[in-house]
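Here's work.txt, which has compact mmCIF, C-alpha atoms:
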# COMPACT_ATOMS: atom_id res chain seq x y z
CA MET A 1 -11.42 -33.98 -9.72
CA ARG A 2 -13.41 -32.87 -6.67
CA LEU A 3 -13.87 -35.85 -4.34
CA LEU A 4 -16.14 -35.81 -1.29
CA TYR A 5 -15.22 -38.43 1.32
CA LEU A 6 -18.17 -38.71 3.71
CA TYR A 7 -17.28 -40.24 7.10
CA SER A 8 -20.44 -40.22 9.18
CA GLU A 9 -18.84 -40.74 12.61
CA GLU A 10 -16.99 -38.57 15.09
CA TRP A 11 -13.22 -38.80 14.76
CA THR A 12 -11.32 -40.35 17.66
CA GLY A 13 -7.82 -40.84 16.23
CA ARG A 14 -7.73 -44.41 17.57
CA ARG A 15 -9.62 -46.58 15.07
CA ALA A 16 -8.03 -48.56 12.24
CA ARG A 17 -10.73 -47.33 9.85
CA GLU A 18 -9.70 -43.77 10.67
CA VAL A 19 -6.10 -44.53 9.74
CA HIS A 20 -7.38 -46.08 6.52
CA THR A 21 -9.66 -43.12 5.72
CA LEU A 22 -7.17 -40.37 6.50
CA SER A 23 -4.26 -42.15 4.79
CA THR A 24 -6.39 -42.62 1.68
CA CYS A 25 -7.47 -38.98 1.66
CA VAL A 26 -3.91 -37.72 2.18
CA ALA A 27 -2.53 -39.94 -0.60
CA LEU A 28 -5.25 -38.88 -3.05
CA ALA A 29 -4.70 -35.20 -2.22
CA GLU A 30 -0.94 -35.56 -2.67
CA SER A 31 -1.56 -37.19 -6.06
CA GLY A 32 -3.52 -34.17 -7.30
CA VAL A 33 -7.14 -34.94 -6.37
CA ASP A 34 -9.06 -32.18 -4.59
CA VAL A 35 -10.38 -34.03 -1.52
CA THR A 36 -12.91 -32.85 1.06
CA LEU A 37 -13.25 -35.07 4.12
CA VAL A 38 -16.53 -34.46 5.96
CA THR A 39 -16.95 -36.09 9.37
CA ALA A 40 -19.54 -36.00 12.14
CA GLY A 41 -17.22 -34.06 14.44
CA GLY A 42 -13.69 -34.22 15.78
CA GLU A 43 -11.81 -31.70 13.62
CA ALA A 44 -9.16 -31.11 16.29
CA GLU A 45 -8.60 -34.87 16.54
CA ILE A 46 -8.21 -35.13 12.77
CA ARG A 47 -5.62 -32.32 12.72
CA GLN A 48 -3.66 -34.13 15.42
CA HIS A 49 -4.02 -37.42 13.56
CA LEU A 50 -2.69 -35.77 10.41
CA ILE A 51 0.56 -35.00 12.20
CA ASP A 52 0.92 -38.70 12.98
CA ILE A 53 0.16 -39.81 9.41
CA ALA A 54 1.45 -36.98 7.22
CA ASP A 55 3.79 -35.16 9.63
CA ALA A 56 1.74 -31.99 9.12
CA ALA A 57 -1.51 -30.50 10.40
CA GLU A 58 -2.38 -29.33 6.88
CA VAL A 59 -2.06 -31.13 3.55
CA PRO A 60 -2.49 -29.16 0.30
CA GLY A 61 -5.57 -30.36 -1.56
CA LEU A 62 -7.18 -31.89 1.54
CA HIS A 63 -10.03 -29.96 3.15
CA ILE A 64 -11.49 -31.06 6.48
CA VAL A 65 -15.03 -30.28 7.57
CA ALA A 66 -16.63 -31.39 10.84
CA LEU A 67 -20.43 -31.28 11.01
CA SER A 68 -22.21 -32.15 14.24
CA ARG A 69 -24.68 -35.03 14.55
CA THR A 70 -25.85 -33.91 17.99
CA LEU A 71 -28.63 -31.62 19.12
CA GLY A 72 -28.53 -31.21 22.87
CA PRO A 73 -28.57 -34.74 24.34
CA ILE A 74 -29.70 -36.26 21.01
CA ARG A 75 -27.21 -37.82 18.60
CA SER A 76 -28.36 -39.21 15.27
CA THR A 77 -27.49 -39.65 11.61
CA SER A 78 -30.60 -37.63 10.71
CA ILE A 79 -29.15 -34.55 12.44
CA PHE A 80 -25.84 -35.05 10.63
CA SER A 81 -27.66 -35.50 7.31
CA ARG A 82 -29.56 -32.24 7.80
CA ASN A 83 -26.39 -30.32 8.68
CA PHE A 84 -24.65 -31.88 5.69
CA SER A 85 -27.49 -30.78 3.40
CA TYR A 86 -27.22 -27.18 4.64
CA TRP A 87 -23.43 -27.21 4.22
CA LEU A 88 -23.61 -28.72 0.73
CA GLN A 89 -25.75 -25.83 -0.52
CA THR A 90 -22.78 -23.49 -0.03
CA ARG A 91 -20.25 -25.67 -1.89
CA PRO A 92 -19.36 -26.06 -5.60
CA PRO A 93 -20.45 -29.42 -7.10
CA PHE A 94 -18.47 -32.56 -6.36
CA ASP A 95 -17.59 -35.07 -9.07
CA LEU A 96 -17.75 -38.15 -6.86
CA GLY A 97 -18.43 -39.20 -3.30
CA TYR A 98 -16.56 -41.91 -1.38
CA VAL A 99 -17.94 -43.92 1.55
CA ILE A 100 -17.01 -46.88 3.71
CA HIS A 101 -19.89 -46.42 6.16
CA LEU A 102 -23.28 -47.74 5.12
CA LYS A 103 -25.21 -44.80 6.57
CA ALA A 104 -23.20 -42.37 4.44
CA GLY A 105 -24.45 -43.93 1.18
CA PRO A 106 -28.11 -42.82 1.40
CA ILE A 107 -26.99 -39.33 2.44
CA LEU A 108 -25.02 -38.91 -0.78
CA ALA A 109 -27.73 -40.58 -2.87
CA GLN A 110 -30.30 -38.15 -1.49
CA ALA A 111 -27.96 -35.27 -2.34
CA GLY A 112 -27.67 -36.55 -5.92
CA ILE A 113 -23.92 -37.18 -5.67
CA PRO A 114 -22.66 -40.38 -7.37
CA TYR A 115 -20.43 -42.30 -5.00
CA ALA A 116 -17.89 -45.08 -4.69
CA TYR A 117 -18.51 -47.61 -1.92
CA GLU A 118 -15.52 -49.44 -0.46
CA ALA A 119 -16.28 -52.74 1.29
CA HIS A 120 -14.09 -54.07 4.10
CA GLU A 121 -16.46 -56.74 5.35
CA ILE A 122 -20.07 -57.90 5.02
CA PHE A 123 -21.73 -55.74 7.67
CA ALA A 124 -24.99 -57.71 7.61
CA GLN A 125 -23.14 -60.77 8.89
CA THR A 126 -21.92 -58.97 12.01
CA PRO A 127 -24.86 -58.57 14.42
CA GLU A 128 -26.15 -61.57 16.36
CA ASN A 129 -29.59 -59.99 16.66
CA SER A 130 -31.69 -61.23 13.72
CA VAL A 131 -33.80 -58.06 13.52
CA ARG A 132 -30.70 -55.85 13.31
CA GLN A 133 -29.17 -58.26 10.81
CA ARG A 134 -32.19 -57.91 8.48
CA LYS A 135 -32.07 -54.10 8.73
CA LEU A 136 -28.36 -54.08 7.94
CA HIS A 137 -28.91 -56.47 5.03
CA ILE A 138 -31.47 -54.10 3.50
CA LEU A 139 -29.25 -51.05 4.03
CA GLU A 140 -26.13 -52.77 2.71
CA LYS A 141 -27.90 -53.96 -0.43
CA GLN A 142 -29.31 -50.45 -0.95
CA VAL A 143 -25.83 -48.92 -0.69
CA LEU A 144 -24.30 -51.51 -3.01
CA THR A 145 -27.11 -51.15 -5.55
CA THR A 146 -26.99 -47.35 -5.72
CA ALA A 147 -23.19 -46.96 -5.68
CA SER A 148 -21.62 -45.90 -8.98
CA VAL A 149 -18.28 -47.56 -8.20
CA HIS A 150 -17.77 -50.74 -6.18
CA ILE A 151 -14.48 -51.39 -4.38
CA ALA A 152 -13.50 -54.36 -2.23
CA THR A 153 -10.27 -54.87 -0.31
CA SER A 154 -9.92 -58.44 -1.62
CA ALA A 155 -11.24 -60.66 -4.38
CA PRO A 156 -12.81 -63.22 -1.98
CA LEU A 157 -14.74 -60.39 -0.31
CA ALA A 158 -16.02 -59.20 -3.70
CA VAL A 159 -17.20 -62.72 -4.58
CA ALA A 160 -18.90 -63.07 -1.20
CA LEU A 161 -20.71 -59.74 -1.59
CA LEU A 162 -21.86 -60.58 -5.11
CA THR A 163 -23.23 -63.89 -3.84
CA TRP A 164 -24.68 -62.64 -0.54
CA PHE A 165 -26.64 -59.81 -2.18
CA SER A 166 -27.26 -61.37 -5.63
CA LEU A 167 -25.46 -58.48 -7.34
CA SER A 168 -24.40 -58.16 -10.94
CA ASN A 169 -22.07 -55.20 -10.32
CA ASP A 170 -18.35 -55.62 -10.88
CA PHE A 171 -15.94 -54.85 -8.05
CA HIS A 172 -12.56 -53.18 -8.31
CA ILE A 173 -10.07 -54.90 -5.99
CA VAL A 174 -8.08 -52.29 -4.06
CA PRO A 175 -6.36 -53.79 -0.98
CA ASN A 176 -5.31 -51.82 2.07
CA ALA A 177 -1.83 -50.30 2.16
CA GLY A 178 0.81 -48.84 4.44
CA MET A 179 3.53 -46.25 4.80
CA PRO A 180 6.75 -46.50 2.73
CA PRO A 181 9.38 -49.01 3.84
CA LEU A 182 12.11 -48.01 6.26
CA ASN A 183 15.62 -47.60 4.89
CA ASN A 184 16.83 -50.60 6.85
CA THR A 185 15.40 -53.81 8.26
CA ILE A 186 14.99 -53.49 12.04
CA SER A 187 13.99 -57.06 12.97
CA SER A 188 16.25 -59.45 14.88
CA PRO A 189 16.46 -63.27 15.08
CA ASP A 190 16.70 -63.21 18.89
CA GLY A 191 13.92 -60.74 19.67
CA PRO A 192 10.34 -61.42 20.77
CA PHE A 193 7.45 -62.15 18.48
CA VAL A 194 5.21 -59.11 18.44
CA TYR A 195 1.52 -58.33 18.09
CA CYS A 196 0.59 -54.70 17.42
CA GLY A 197 -2.96 -53.39 17.08
CA SER A 198 -6.43 -53.69 18.55
CA ILE A 199 -6.83 -56.24 21.31
CA ALA A 200 -10.52 -56.81 20.60
CA GLU A 201 -11.70 -60.38 21.03
CA TRP A 202 -12.03 -61.23 17.32
CA LYS A 203 -8.39 -60.34 16.72
CA GLY A 204 -7.37 -63.74 18.18
CA LEU A 205 -4.82 -62.33 20.58
CA ASP A 206 -5.77 -64.79 23.33
CA VAL A 207 -4.88 -67.69 21.04
CA ALA A 208 -1.49 -66.15 20.21
CA ILE A 209 -0.70 -65.53 23.89
CA GLN A 210 -1.54 -69.08 24.91
CA ALA A 211 0.31 -70.59 21.94
CA ALA A 212 3.43 -68.50 22.59
CA ALA A 213 3.45 -69.65 26.22
CA GLU A 214 3.06 -73.27 25.14
CA ALA A 215 5.86 -72.94 22.58
CA ARG A 216 7.98 -71.09 25.15
CA VAL A 217 8.78 -68.14 22.90
CA PRO A 218 8.91 -64.48 24.00
CA LEU A 219 5.96 -62.28 23.09
CA ARG A 220 5.44 -58.51 23.06
CA VAL A 221 1.96 -57.01 22.73
CA ILE A 222 1.45 -53.37 21.72
CA GLY A 223 -2.11 -52.09 21.86
CA GLY A 224 -5.13 -51.24 23.91
CA THR A 225 -5.32 -49.48 27.24
CA ASP A 226 -4.29 -50.55 30.72
CA LYS A 227 -7.93 -51.33 31.51
CA GLU A 228 -8.32 -53.48 28.38
CA TRP A 229 -5.10 -55.34 29.07
CA LYS A 230 -6.11 -56.06 32.65
CA ALA A 231 -9.41 -57.47 31.36
CA ILE A 232 -7.51 -59.95 29.19
CA GLY A 233 -5.33 -60.86 32.16
CA GLU A 234 -8.44 -61.79 34.11
CA GLN A 235 -9.33 -64.37 31.46
CA ILE A 236 -5.95 -65.91 30.56
CA ASP A 237 -2.42 -65.97 31.96
CA THR A 238 -0.48 -63.00 30.53
CA SER A 239 2.40 -63.05 33.04
CA SER A 240 5.01 -63.97 30.41
CA VAL A 241 3.95 -61.23 27.97
CA GLU A 242 5.66 -57.85 27.62
CA TRP A 243 2.81 -55.37 27.16
CA LEU A 244 2.92 -51.78 25.93
CA PRO A 245 -0.15 -49.55 25.42
CA ARG A 246 -1.14 -48.32 21.98
CA VAL A 247 1.37 -45.94 20.37
CA PRO A 248 0.90 -43.45 17.51
CA LEU A 249 1.64 -44.74 14.02
CA ASN A 250 4.84 -42.74 13.66
CA GLU A 251 6.25 -44.35 16.82
CA LEU A 252 5.68 -47.94 15.68
CA PRO A 253 9.18 -48.55 14.25
CA GLU A 254 10.71 -47.75 17.63
CA VAL A 255 8.62 -50.32 19.52
CA LEU A 256 8.95 -52.92 16.73
CA LYS A 257 12.72 -52.59 16.57
CA GLY A 258 14.51 -55.82 17.44
CA CYS A 259 11.42 -58.03 17.21
CA ARG A 260 11.59 -61.40 15.48
CA ALA A 261 8.29 -61.48 13.55
CA GLY A 262 4.90 -59.76 13.52
CA LEU A 263 1.70 -61.63 14.36
CA ILE A 264 -1.80 -61.49 12.84
CA PRO A 265 -3.81 -64.17 14.70
CA THR A 266 -7.19 -62.91 13.42
CA ASN A 267 -10.09 -65.26 14.03
CA LEU A 268 -11.55 -65.75 10.55
CA ASP A 269 -14.51 -67.63 12.02
CA THR A 270 -15.94 -64.23 13.00
CA PRO A 271 -17.81 -61.99 10.53
CA SER A 272 -15.37 -59.11 11.04
CA GLY A 273 -12.33 -61.34 10.75
CA GLU A 274 -13.20 -63.48 7.75
CA PHE A 275 -12.52 -60.88 5.07
CA SER A 276 -10.30 -58.44 6.97
CA CYS A 277 -7.29 -57.02 5.17
CA PRO A 278 -5.18 -56.13 8.22
CA MET A 279 -3.13 -52.96 8.01
CA LYS A 280 -0.69 -54.35 10.57
CA LEU A 281 0.60 -56.61 7.78
CA PHE A 282 1.94 -53.50 6.05
CA ASP A 283 3.22 -52.02 9.32
CA TYR A 284 5.27 -55.13 10.03
CA ALA A 285 6.54 -55.55 6.47
CA ARG A 286 7.76 -51.96 6.09
CA CYS A 287 9.99 -52.50 9.12
CA GLY A 288 11.42 -55.71 7.72
CA LEU A 289 9.55 -58.06 10.04
CA PRO A 290 8.55 -61.47 8.69
CA VAL A 291 4.91 -62.21 9.45
CA LEU A 292 2.94 -65.10 10.92
CA THR A 293 -0.73 -64.74 10.08
CA THR A 294 -3.92 -66.72 10.04
CA ALA A 295 -4.56 -67.80 6.44
CA LEU A 296 -7.01 -64.98 5.69
CA PRO A 297 -8.86 -64.91 2.33
CA SER A 298 -7.63 -61.33 1.71
CA LEU A 299 -4.04 -62.56 1.40
CA GLN A 300 -4.98 -64.03 -1.98
CA SER A 301 -5.12 -60.48 -3.38
CA LEU A 302 -1.80 -59.34 -1.91
CA ASP A 303 0.80 -61.56 -3.56
CA VAL A 304 2.69 -62.14 -0.31
CA GLY A 305 5.90 -64.18 -0.44
CA PRO A 306 7.56 -66.79 1.81
CA TRP A 307 8.25 -64.06 4.37
CA CYS A 308 4.54 -64.31 5.24
CA THR A 309 3.82 -67.63 6.98
CA GLN A 310 0.12 -68.49 6.74
CA VAL A 311 -1.09 -70.46 9.75
CA PRO A 312 -3.74 -72.88 8.44
CA SER A 313 -6.30 -72.36 11.21
CA PRO A 314 -6.88 -69.85 14.04
CA THR A 315 -6.39 -72.50 16.71
CA ARG A 316 -3.98 -72.72 19.60
CA ALA A 317 -2.48 -75.96 18.25
CA SER A 318 -1.78 -74.46 14.81
CA TRP A 319 -0.24 -71.34 16.29
CA THR A 320 1.87 -73.31 18.74
CA ASP A 321 3.20 -75.36 15.85
CA ALA A 322 3.90 -72.20 13.82
CA PHE A 323 5.91 -70.68 16.69
CA LYS A 324 7.94 -73.86 17.17
CA HIS A 325 8.83 -74.19 13.48
CA PHE A 326 9.50 -70.53 12.69
CA ALA A 327 13.07 -69.84 11.55
CA TYR A 328 14.16 -66.23 11.12
CA ASP A 329 15.76 -65.46 7.74
CA ILE A 330 17.28 -62.04 7.09
CA GLU A 331 16.68 -62.41 3.35
CA GLN A 332 12.98 -62.95 3.96
CA ALA A 333 12.94 -59.98 6.34
CA ASP A 334 14.41 -57.82 3.56
CA ALA A 335 11.91 -59.29 1.10
CA ALA A 336 9.05 -58.18 3.35
CA ARG A 337 10.38 -54.64 3.38
CA ALA A 338 10.79 -54.64 -0.41
CA TRP A 339 7.22 -55.93 -0.83
CA SER A 340 5.85 -53.10 1.29
CA GLY A 341 7.37 -50.59 -1.14
CA THR A 342 4.81 -51.62 -3.76
CA HIS A 343 1.88 -51.49 -1.35
CA THR A 344 2.00 -47.92 -0.07
CA TRP A 345 -0.88 -45.48 0.29
CA ALA A 346 0.59 -43.55 -2.65
CA ASN A 347 0.42 -46.68 -4.82
CA ARG A 348 -3.11 -47.24 -3.63
CA ALA A 349 -4.09 -43.69 -4.57
CA GLU A 350 -2.92 -44.27 -8.13
CA LEU A 351 -4.97 -47.48 -8.31
CA LEU A 352 -8.01 -45.60 -6.98
CA LYS A 353 -7.56 -42.86 -9.57
CA ARG A 354 -7.55 -45.47 -12.34
CA THR A 355 -10.66 -46.96 -10.76
CA PHE A 356 -12.29 -43.51 -10.88
CA GLY A 357 -11.27 -43.16 -14.54
CA LEU A 358 -8.63 -40.46 -13.99
Show this structure as structure tokens.
Amino acid sequence: MRLLYLYSEEWTGRRAREVHTLSTCVALAESGVDVTLVTAGGEAEIRQHLIDIADAAEVPGLHIVALSRTLGPIRSTSIFSRNFSYWLQTRPPFDLGYVIHLKAGPILAQAGIPYAYEAHEIFAQTPENSVRQRKLHILEKQVLTTASVHIATSAPLAVALLTWFSLSNDFHIVPNAGMPPLNNTISSPDGPFVYCGSIAEWKGLDVAIQAAAEARVPLRVIGGTDKEWKAIGEQIDTSSVEWLPRVPLNELPEVLKGCRAGLIPTNLDTPSGEFSCPMKLFDYARCGLPVLTTALPSLQSLDVGPWCTQVPSPTRASWTDAFKHFAYDIEQADAARAWSGTHTWANRAELLKRTFGL
């Protein structure tokens, strides 16, 4: 099978969706699918990112193409679409396209390439501006209507999309995934709780910081830049928090070693947070860290066990209570690591291949 994964943004090597995209492409290529990843620039960044994810700058079966979306000072999807059209004329036919970006859908449809659309959220719910919301609603419905294959990262998200857009299409549920489990559990009953990932506002980190201080438990935060961390410190008291800047994926086990439990305090009252299927869940579990997480709808599709404590609401009071009542259990830590072994990118690739009819 020749699969064309169209990612209509420049590559930065820092976004969670880039980890998701590249990990998916690598896993599919390693499972025997011929994958071409086309981006709107950043080939050098992708090669570097590959080393982090696959421990190699080249992966057999994975081809990387970077096409510009700039012309002088102008940057637009139209420029990228034109360059993509020229490039496509020189390539053998592709069997299927794959997109997670809305703007990539019409590009493939115009090229006559059937495509699979993978939904991570309802994009039309995100903007506060009503005009932009209407435009996104139209685009999102267009992409969902013209896609040949529909994928959602959780069953609740699929139901919401079917309802929101009055669709009759079926969705295949393919959750996010992670790297294989470590050989040994590296958590500790006496270590700090830890949050690792983006420190954007909707992630709920401020609630976790305040709750940890109120419960008087140690907290380590790994993510963001010095500037971003200082901005949080100007809003709330972070003096009791151990902070480390973002680290590459392959260095995560080292900074998670000795921690007590991983935190996912996502604010599900936000459009981006409601249906998120956080990859940090898999990062924690593979290291043998129990998890405390907001009770996200996506967890219903993941069959998590008692090692994953679901905090009933994204409030300071609920999180404070969760910290105070958490009891580390080595058996549950090992259970988390075992669970992660069935939720790897390789497993996900096999599920995707069945979804594609391979």
> Using all atoms listed in the file, what residues lie at most 8 Å away from (6.3, -49.0, 5.5) (file coordinates), given as number ranges by chain?
Replying inline: A: 178-182, 282-287, 337, 340-341, 344
> Quick one, how far is atom CA of Thr145 of chain A from atom CA of Leu157 of chain A?
Replying inline: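 Spanning atom CA of Thr145 of chain A to atom CA of Leu157 of chain A is a straight-line distance of 16.3 Å.
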>> I want to know what sits within 12 Å of Glu254 of chain A, based on all atoms listed in the file, with residues of the same chain fewer than 3 positions away left out; could you give that as an NGL selection string?
In response: :A and (182 or 186-187 or 222 or 247-251 or 257-259 or 283-284 or 287)
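What separates atom CA of Cys25 of chain A from atom CA of Ser78 of chain A is a distance of 24.9 Å.
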>> I need the residue nearest Ile51 of chain A from this list: A:Thr355, A:Ser23, A:Thr163, A:Thr315. Use only C-alpha atoms for the distance.
In response: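 Closest candidate: A:Ser23.
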> Pick the closest to Ala104 of chain A from A:Thr77, A:Thr225, A:Ser240, A:Thr36: which is it, counting all atoms listed in the file?
Replying inline: A:Thr77
> In file coordinates, which residues lie within 10 Å of (-11.4, -41.8, 9.3) using all atoms listed in the file, given as a list in words?
Replying inline: Tyr5, Leu6, Tyr7, Ser8, Glu9, Glu10, Trp11, Thr12, Gly13, Arg14, Arg15, Ala16, Arg17, Glu18, Val19, His20, Thr21, Leu22, Ser23, Thr24, Cys25, Leu37, Val38, Thr39, Ile46, His49 and Ile100 of chain A
>> Using only C-alpha atoms for the distances, tell me which of A:Val221, A:Leu88, A:Ala66, A:Ile107 is nearest to Leu205 of chain A.
In response: A:Val221
Please complete segment 158-167 of chain A so it has all heavy atoms, and hand it over as a CSV table (one decimal), in the coordinates of the input.
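This is the output file part15.csv:
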chain,number,residue,atom,x,y,z
A,158,ALA,N,-15.2,-59.6,-2.6
A,158,ALA,CA,-16.0,-59.2,-3.7
A,158,ALA,C,-16.9,-60.3,-4.1
A,158,ALA,O,-18.1,-60.1,-4.3
A,158,ALA,CB,-15.1,-58.8,-4.9
A,159,VAL,N,-16.4,-61.6,-4.2
A,159,VAL,CA,-17.2,-62.7,-4.6
A,159,VAL,C,-18.3,-63.0,-3.5
A,159,VAL,O,-19.5,-63.2,-3.9
A,159,VAL,CB,-16.3,-64.0,-4.7
A,159,VAL,CG1,-17.2,-65.2,-4.9
A,159,VAL,CG2,-15.4,-63.8,-5.9
A,160,ALA,N,-17.9,-62.8,-2.3
A,160,ALA,CA,-18.9,-63.1,-1.2
A,160,ALA,C,-20.0,-62.0,-1.2
A,160,ALA,O,-21.2,-62.4,-1.1
A,160,ALA,CB,-18.2,-63.0,0.2
A,161,LEU,N,-19.7,-60.8,-1.5
A,161,LEU,CA,-20.7,-59.7,-1.6
A,161,LEU,C,-21.6,-60.0,-2.8
A,161,LEU,O,-22.9,-59.8,-2.7
A,161,LEU,CB,-20.1,-58.4,-1.7
A,161,LEU,CG,-19.4,-57.8,-0.4
A,161,LEU,CD1,-18.5,-56.7,-0.7
A,161,LEU,CD2,-20.5,-57.4,0.6
A,162,LEU,N,-21.1,-60.3,-3.9
A,162,LEU,CA,-21.9,-60.6,-5.1
A,162,LEU,C,-22.9,-61.7,-4.9
A,162,LEU,O,-24.0,-61.7,-5.3
A,162,LEU,CB,-20.9,-60.9,-6.3
A,162,LEU,CG,-20.1,-59.8,-6.9
A,162,LEU,CD1,-19.0,-60.3,-7.8
A,162,LEU,CD2,-21.0,-58.8,-7.6
A,163,THR,N,-22.4,-62.7,-4.1
A,163,THR,CA,-23.2,-63.9,-3.8
A,163,THR,C,-24.3,-63.6,-2.8
A,163,THR,O,-25.5,-63.9,-2.9
A,163,THR,CB,-22.4,-65.1,-3.4
A,163,THR,OG1,-21.4,-65.4,-4.4
A,163,THR,CG2,-23.2,-66.3,-3.1
A,164,TRP,N,-23.8,-62.9,-1.7
A,164,TRP,CA,-24.7,-62.6,-0.5
A,164,TRP,C,-25.9,-61.8,-0.9
A,164,TRP,O,-27.0,-61.9,-0.5
A,164,TRP,CB,-23.8,-62.0,0.5
A,164,TRP,CG,-24.5,-61.7,1.8
A,164,TRP,CD1,-25.2,-60.6,2.2
A,164,TRP,CD2,-24.7,-62.6,3.0
A,164,TRP,NE1,-25.7,-60.7,3.5
A,164,TRP,CE2,-25.4,-61.9,4.0
A,164,TRP,CE3,-24.2,-63.9,3.2
A,164,TRP,CZ2,-25.7,-62.5,5.2
A,164,TRP,CZ3,-24.5,-64.5,4.4
A,164,TRP,CH2,-25.3,-63.8,5.4
A,165,PHE,N,-25.6,-60.8,-1.8
A,165,PHE,CA,-26.6,-59.8,-2.2
A,165,PHE,C,-27.2,-60.0,-3.6
A,165,PHE,O,-27.9,-59.1,-4.1
A,165,PHE,CB,-26.1,-58.4,-2.0
A,165,PHE,CG,-25.8,-58.0,-0.6
A,165,PHE,CD1,-24.5,-58.1,-0.1
A,165,PHE,CD2,-26.8,-57.7,0.3
A,165,PHE,CE1,-24.2,-57.7,1.2
A,165,PHE,CE2,-26.6,-57.4,1.6
A,165,PHE,CZ,-25.3,-57.4,2.1
A,166,SER,N,-26.8,-61.1,-4.3
A,166,SER,CA,-27.3,-61.4,-5.6
A,166,SER,C,-27.0,-60.2,-6.5
A,166,SER,O,-28.0,-59.7,-7.2
A,166,SER,CB,-28.8,-61.7,-5.6
A,166,SER,OG,-29.0,-62.9,-4.8
A,167,LEU,N,-25.8,-59.7,-6.6
A,167,LEU,CA,-25.5,-58.5,-7.3
A,167,LEU,C,-24.9,-58.9,-8.7
A,167,LEU,O,-24.3,-59.9,-8.9
A,167,LEU,CB,-24.4,-57.6,-6.6
A,167,LEU,CG,-24.8,-57.1,-5.2
A,167,LEU,CD1,-23.6,-56.5,-4.5
A,167,LEU,CD2,-26.0,-56.2,-5.3
